[in-house]
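Asker: This is the structure I want to talk about, given as structure tokens.
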Amino acid sequence: MRKTFKYRLLPTKKQLQKLNWTLDKCRILYNSCLLDRKNRYEQTGKGLTRIKQQGILRVDKKIISSLKEVHSQVLQDVLFRVDRAFQNFFRRVKAGEKPGYPRFKNEGRYDSFCYPQSGFKITEQGLKLSKIGTLKIKLHRQPVGTIKTCVIKREIDKWYVCFSVEYEPVKRLIPAQSIGIDVGIKSFAVLSDGTVIDNPKHLCKSEQKLISLQRQLSKKKKKSCNRKKARKIVAKLHCKVCNKRSDFHHKVSRKLVNNFGFVAVEDLNIKGMVKNHRLAKHISDAGWGQFLSYLQYKAAEASVVVEKVSPHYTSINCSVCGEPVPKTLAQRIHSCPFCETVMDRDHNAAQNILLKSTAGTAESNAWGEAVHQCPSLNQEASSIRVR
Ligand SMILES: [Zn+2]
């Protein structure tokens, strides 16, 4: 299995210069490779392959001595990036989409370089990088497994290293209990056992501040130093919000994976939903997509099953008797006229999501309707099993 470990780097002033310089060399190479491909295509109607560009780079290195100041594999990786950009472009064209042509990268739009195999080493002094030096690293925990690649990344004004590792996950006990999750706007999620996970709404809280900062930024003269400064402040606040949100998603997904052996979620069309402008802000704020991806990779690591079910009728149908009970978005309570069940609408939806999944179907066959009427019974039935 693959996993990434990210650590903060604390470069000296001199190293900082070298890092920025290397990044800029990579960016210039990226842009010139892009231009070469574009020119070649316009002249001959054929593109350039990565192998051919490698040959060109070899010749260039003999003429441009500064290219020798960058680790050779780091330069090679830039060619791979250009190649990937074109491959993605052509793939999307083939699929009938309308992708943008691979773009030239401005300063600030190119923020990482990669040692794909060698040229880096963790020593007692820090992270040793070929052609750059030994950088101080905040090794807050040891990376597990075999390190495959090493990416050096700039995030606004901080530097990080990301190690991609290949590892064998440790086998552990898997809880037998199953759960359904309904993600929402009012609360971040409601579980089928009735647990409500509140939405921290990090972005909403910081939004007023962000708006005023954005306004300040727009008043600054174009290309001025002050504008640059203001842009940095806005970017920093954005970054802070992102980090908080990511932390929250990590914590919630970890809890779910540790406590349940089966998780049923809605198969939401997030891209389509964000197109609805009234909901877009909140959906992006809650970041369901990120949460789901965290949940899935953590689940895969722990052999926990995550099943996506179709979201149709999950908020309408009654989770106890199955009869449809239509309601508007404003109606927060599910009140069934057929079986007289009254519960929170999201709680009802979460139970329906679990019922729709394979675990829910199997359970209702074995236990009958009783399981769904009484959540505590569900808890009693749970025991630890080894898979
Ligand atoms: Zn009912």
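Residues are referred to by chain and number: the chain letter is A, B, ... according to the order shown in the structure tokens, the number counts from 1 in that chain, and ligands are numbered separately from 1 in the order shown.
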Wanna dump the chain A-ligand 1 contacts at 7 Å for me, each residue with its shortest atom pair and the distance in Å to one decimal, counting only C-alpha atoms and all ligand atoms, ordered by chain and number, as a Markdown table?

Answerer:
```
| residue | atom | partner | partner_atom_place_in_ligand_line | distance |
| --- | --- | --- | --- | --- |
| A:Cys318 | CA | ligand 1 | 1 (Zn) | 4.6 |
| A:Ser319 | CA | ligand 1 | 1 (Zn) | 6.6 |
| A:Val320 | CA | ligand 1 | 1 (Zn) | 5.1 |
| A:Cys321 | CA | ligand 1 | 1 (Zn) | 4.1 |
| A:Gly322 | CA | ligand 1 | 1 (Zn) | 6.0 |
| A:Glu323 | CA | ligand 1 | 1 (Zn) | 5.7 |
| A:Cys336 | CA | ligand 1 | 1 (Zn) | 4.6 |
| A:Pro337 | CA | ligand 1 | 1 (Zn) | 6.7 |
| A:Phe338 | CA | ligand 1 | 1 (Zn) | 5.1 |
| A:Cys339 | CA | ligand 1 | 1 (Zn) | 4.2 |
| A:Glu340 | CA | ligand 1 | 1 (Zn) | 6.2 |
| A:Thr341 | CA | ligand 1 | 1 (Zn) | 5.7 |
```

Asker: Quick one: everything within 12 Å of Leu75 of chain A, counting only C-alpha atoms, minus sequence neighbours fewer than 2 positions away in the same chain. Send it as number ranges by chain.

Answerer: A: 22-30, 33, 53-54, 57-58, 60-61, 66-73, 77-82, 112-116, 119

Asker: Using backbone DSSP assignments, extract all strand (DSSP E or B) residues from segment 47-205 of chain A; output them as an MDAnalysis selection string.

Answerer: chainID A and resid 112:115 120:122 127:129 133:138 146:155 158:166 174:175 178:183 189:191 196:197

Asker: Could you give me, as a count of residues only, each residue of segment 148-327 of chain A that DSSP assigns to alpha helix (DSSP H) when run on this structure's backbone?

Answerer: 82

Asker: Residues within 8 Å of His250 of chain A, please, as a PyMOL selection string. Count only C-alpha atoms; anything in the same chain fewer than 4 positions from it doesn't count.

Answerer: chain A and resi 246+254+291+294-295

Asker: Dump all heavy atoms for the selected residues as a tab-separated table (two decimals), in the first residue's frame?

Answerer:
```tsv
chain	number	residue	atom	x	y	z
A	246	SER	N	-9.01	19.95	7.06
A	246	SER	CA	-8.36	18.67	6.83
A	246	SER	C	-8.17	17.91	8.15
A	246	SER	O	-8.40	16.71	8.24
A	246	SER	CB	-7.03	18.92	6.11
A	246	SER	OG	-6.18	17.85	6.26
A	254	ARG	N	-10.99	8.84	11.13
A	254	ARG	CA	-10.25	7.91	11.99
A	254	ARG	C	-11.19	7.26	13.00
A	254	ARG	O	-11.19	6.06	13.21
A	254	ARG	CB	-9.10	8.65	12.68
A	254	ARG	CG	-8.35	7.94	13.78
A	254	ARG	CD	-7.87	6.56	13.41
A	254	ARG	NE	-6.93	6.57	12.31
A	254	ARG	CZ	-6.77	5.53	11.47
A	254	ARG	NH1	-7.50	4.44	11.60
A	254	ARG	NH2	-5.90	5.59	10.50
A	291	PHE	N	-13.35	14.45	2.78
A	291	PHE	CA	-13.68	13.56	3.88
A	291	PHE	C	-13.83	12.12	3.38
A	291	PHE	O	-13.29	11.19	3.96
A	291	PHE	CB	-14.98	14.03	4.55
A	291	PHE	CG	-15.55	13.02	5.50
A	291	PHE	CD1	-14.92	12.77	6.71
A	291	PHE	CD2	-16.69	12.30	5.18
A	291	PHE	CE1	-15.42	11.82	7.58
A	291	PHE	CE2	-17.20	11.36	6.04
A	291	PHE	CZ	-16.56	11.12	7.25
A	294	TYR	N	-10.48	10.55	2.58
A	294	TYR	CA	-9.77	10.17	3.81
A	294	TYR	C	-10.37	8.88	4.38
A	294	TYR	O	-9.67	7.98	4.79
A	294	TYR	CB	-9.89	11.27	4.87
A	294	TYR	CG	-9.06	12.50	4.63
A	294	TYR	CD1	-9.08	13.56	5.52
A	294	TYR	CD2	-8.23	12.61	3.51
A	294	TYR	CE1	-8.32	14.70	5.31
A	294	TYR	CE2	-7.47	13.74	3.29
A	294	TYR	CZ	-7.53	14.78	4.20
A	294	TYR	OH	-6.79	15.90	3.99
A	295	LEU	N	-11.71	8.86	4.40
A	295	LEU	CA	-12.41	7.70	4.95
A	295	LEU	C	-12.03	6.44	4.16
A	295	LEU	O	-11.74	5.39	4.74
A	295	LEU	CB	-13.92	7.93	4.89
A	295	LEU	CG	-14.79	6.82	5.45
A	295	LEU	CD1	-14.61	6.71	6.96
A	295	LEU	CD2	-16.25	7.05	5.12
```

Asker: Would you list the contacts of Ile333 of chain A as a PDB file with N, CA, C and O atoms, in the first residue's frame, taking every protein, DNA or RNA residue within 12 Å and counting only C-alpha atoms, but skipping same-chain residues closer than 3 positions in sequence?

Answerer:
```
ATOM      1  N   SER A 315     -33.858  10.378   1.931  1.00  0.00           N
ATOM      2  CA  SER A 315     -34.425  11.345   2.878  1.00  0.00           C
ATOM      3  C   SER A 315     -35.952  11.304   2.867  1.00  0.00           C
ATOM      4  O   SER A 315     -36.593  11.816   3.774  1.00  0.00           O
ATOM      5  N   ILE A 316     -36.528  10.668   1.860  1.00  0.00           N
ATOM      6  CA  ILE A 316     -37.990  10.635   1.757  1.00  0.00           C
ATOM      7  C   ILE A 316     -38.586   9.418   2.477  1.00  0.00           C
ATOM      8  O   ILE A 316     -39.477   9.554   3.311  1.00  0.00           O
ATOM      9  N   CYS A 318     -39.492   6.268   4.839  1.00  0.00           N
ATOM     10  CA  CYS A 318     -39.438   6.034   6.275  1.00  0.00           C
ATOM     11  C   CYS A 318     -38.522   4.835   6.516  1.00  0.00           C
ATOM     12  O   CYS A 318     -38.673   3.790   5.892  1.00  0.00           O
ATOM     13  N   VAL A 325     -42.432   9.389   2.684  1.00  0.00           N
ATOM     14  CA  VAL A 325     -42.963  10.547   3.420  1.00  0.00           C
ATOM     15  C   VAL A 325     -42.286  11.794   2.858  1.00  0.00           C
ATOM     16  O   VAL A 325     -41.239  12.212   3.331  1.00  0.00           O
ATOM     17  N   PRO A 326     -42.859  12.397   1.791  1.00  0.00           N
ATOM     18  CA  PRO A 326     -42.215  13.558   1.166  1.00  0.00           C
ATOM     19  C   PRO A 326     -42.097  14.734   2.135  1.00  0.00           C
ATOM     20  O   PRO A 326     -42.987  14.936   2.972  1.00  0.00           O
ATOM     21  N   LYS A 327     -40.970  15.453   2.042  1.00  0.00           N
ATOM     22  CA  LYS A 327     -40.806  16.644   2.884  1.00  0.00           C
ATOM     23  C   LYS A 327     -39.906  17.654   2.171  1.00  0.00           C
ATOM     24  O   LYS A 327     -39.104  17.302   1.306  1.00  0.00           O
ATOM     25  N   THR A 328     -40.071  18.916   2.545  1.00  0.00           N
ATOM     26  CA  THR A 328     -39.224  19.949   1.943  1.00  0.00           C
ATOM     27  C   THR A 328     -37.898  20.015   2.703  1.00  0.00           C
ATOM     28  O   THR A 328     -37.760  19.424   3.773  1.00  0.00           O
ATOM     29  N   LEU A 329     -36.925  20.764   2.156  1.00  0.00           N
ATOM     30  CA  LEU A 329     -35.616  20.889   2.805  1.00  0.00           C
ATOM     31  C   LEU A 329     -35.731  21.528   4.185  1.00  0.00           C
ATOM     32  O   LEU A 329     -34.935  21.268   5.080  1.00  0.00           O
ATOM     33  N   ALA A 330     -36.751  22.395   4.350  1.00  0.00           N
ATOM     34  CA  ALA A 330     -36.907  23.120   5.613  1.00  0.00           C
ATOM     35  C   ALA A 330     -37.427  22.204   6.731  1.00  0.00           C
ATOM     36  O   ALA A 330     -37.207  22.477   7.909  1.00  0.00           O
ATOM     37  N   CYS A 336     -43.667  10.077  10.426  1.00  0.00           N
ATOM     38  CA  CYS A 336     -44.331   9.118   9.539  1.00  0.00           C
ATOM     39  C   CYS A 336     -45.797   8.932   9.923  1.00  0.00           C
ATOM     40  O   CYS A 336     -46.103   8.525  11.050  1.00  0.00           O
ATOM     41  N   THR A 341     -43.582   6.931  13.439  1.00  0.00           N
ATOM     42  CA  THR A 341     -42.193   7.166  13.848  1.00  0.00           C
ATOM     43  C   THR A 341     -41.896   8.663  13.740  1.00  0.00           C
ATOM     44  O   THR A 341     -42.270   9.292  12.758  1.00  0.00           O
ATOM     45  N   VAL A 342     -41.264   9.208  14.746  1.00  0.00           N
ATOM     46  CA  VAL A 342     -40.829  10.604  14.685  1.00  0.00           C
ATOM     47  C   VAL A 342     -39.338  10.649  15.008  1.00  0.00           C
ATOM     48  O   VAL A 342     -38.905  10.175  16.062  1.00  0.00           O
ATOM     49  N   MET A 343     -38.548  11.154  14.083  1.00  0.00           N
ATOM     50  CA  MET A 343     -37.112  11.315  14.355  1.00  0.00           C
ATOM     51  C   MET A 343     -36.526  12.413  13.473  1.00  0.00           C
ATOM     52  O   MET A 343     -37.194  12.902  12.561  1.00  0.00           O
ATOM     53  N   ASP A 344     -35.283  12.782  13.764  1.00  0.00           N
ATOM     54  CA  ASP A 344     -34.595  13.790  12.970  1.00  0.00           C
ATOM     55  C   ASP A 344     -34.496  13.304  11.524  1.00  0.00           C
ATOM     56  O   ASP A 344     -34.244  12.130  11.279  1.00  0.00           O
ATOM     57  N   ARG A 345     -34.688  14.206  10.568  1.00  0.00           N
ATOM     58  CA  ARG A 345     -34.727  13.775   9.163  1.00  0.00           C
ATOM     59  C   ARG A 345     -33.395  13.164   8.711  1.00  0.00           C
ATOM     60  O   ARG A 345     -33.369  12.205   7.945  1.00  0.00           O
ATOM     61  N   ASP A 346     -32.270  13.720   9.206  1.00  0.00           N
ATOM     62  CA  ASP A 346     -30.955  13.205   8.804  1.00  0.00           C
ATOM     63  C   ASP A 346     -30.684  11.836   9.432  1.00  0.00           C
ATOM     64  O   ASP A 346     -30.034  10.985   8.840  1.00  0.00           O
ATOM     65  N   HIS A 347     -31.190  11.663  10.652  1.00  0.00           N
ATOM     66  CA  HIS A 347     -31.065  10.371  11.330  1.00  0.00           C
ATOM     67  C   HIS A 347     -31.818   9.300  10.522  1.00  0.00           C
ATOM     68  O   HIS A 347     -31.312   8.208  10.280  1.00  0.00           O
ATOM     69  N   ASN A 348     -33.005   9.661  10.083  1.00  0.00           N
ATOM     70  CA  ASN A 348     -33.807   8.757   9.238  1.00  0.00           C
ATOM     71  C   ASN A 348     -33.062   8.426   7.948  1.00  0.00           C
ATOM     72  O   ASN A 348     -32.988   7.265   7.527  1.00  0.00           O
ATOM     73  N   ALA A 349     -32.454   9.466   7.338  1.00  0.00           N
ATOM     74  CA  ALA A 349     -31.716   9.267   6.089  1.00  0.00           C
ATOM     75  C   ALA A 349     -30.519   8.338   6.310  1.00  0.00           C
ATOM     76  O   ALA A 349     -30.262   7.437   5.502  1.00  0.00           O
TER      77      ALA A 349
END
```

Asker: Which of these residues is nearest to Trp159 of chain A, using only C-alpha atoms: A:Ile233, A:Leu10, A:Leu173, A:Leu268?

Answerer: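 Closest to Trp159 of chain A of all the choices is A:Leu10.
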
Asker: Report, in Å with one decimal, the straight-line distance from atom CA of Arg227 of chain A to atom CA of Val151 of chain A.

Answerer: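 It comes out at 29.7 Å.
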
Asker: Using atom CA of Leu191 of chain A and atom CA of Val257 of chain A as the two end points, give the distance in Å to one decimal.

Answerer: 13.2 Å

Asker: Quick one: everything within 8 Å of Phe89 of chain A, counting only C-alpha atoms, minus sequence neighbours fewer than 2 positions away in the same chain. Send it as a list in words.

Answerer: Ala85, Phe86, Gln87, Arg91, Arg92, Val93, Pro99, Gly100, Tyr101 and Pro102 of chain A

Asker: Based on the selection just made, write C-alpha atoms of those residues as a compact mmCIF listing (two decimals), in the first residue's frame.

Answerer:
```txt
# COMPACT_ATOMS: atom_id res chain seq x y z
CA ALA A 85 0.07 17.21 -18.47
CA PHE A 86 -0.18 16.34 -22.18
CA GLN A 87 -1.41 12.82 -21.56
CA ARG A 91 -7.18 11.72 -22.61
CA ARG A 92 -9.80 14.34 -21.82
CA VAL A 93 -10.03 15.43 -25.45
CA PRO A 99 -9.87 20.64 -21.33
CA GLY A 100 -7.57 23.66 -21.33
CA TYR A 101 -4.27 23.30 -23.18
CA PRO A 102 -1.37 22.62 -20.73
```

Asker: What is the distance, in Å and to one decimal place, between atom CA of Leu292 of chain A and atom CA of Lys148 of chain A?

Answerer: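 Between atom CA of Leu292 of chain A and atom CA of Lys148 of chain A the gap works out to 25.6 Å.
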
Asker: For a quick check of understanding, using only C-alpha atoms, which of A:His249, A:Val265, A:Val144, A:Arg215 has the smallest distance to Val170 of chain A?

Answerer: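 For Val170 of chain A, the nearest of the candidates is A:Val144.
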
Asker: For a quick check of understanding, using only C-alpha atoms, which of A:Ile197, A:Ile211, A:Val234, A:Ala302 has the smallest distance to Phe248 of chain A?

Answerer: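 Of A:Ile197, A:Ile211, A:Val234, A:Ala302, the one nearest Phe248 of chain A is A:Ile197, counting only C-alpha atoms.
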
Asker: Which is closest to Leu35 of chain A among A:Ile174, A:Asn88, A:Lys105, A:Val190, if we use only C-alpha atoms?

Answerer: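 Checking each candidate against Leu35 of chain A, we get A:Lys105 as the closest.
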
Asker: Can you list, as number ranges by chain, every protein, DNA or RNA residue that comes within 7 Å of Lys6 of chain A when you count only C-alpha atoms, leaving out same-chain residues fewer than 3 positions away?

Answerer: A: 160-163
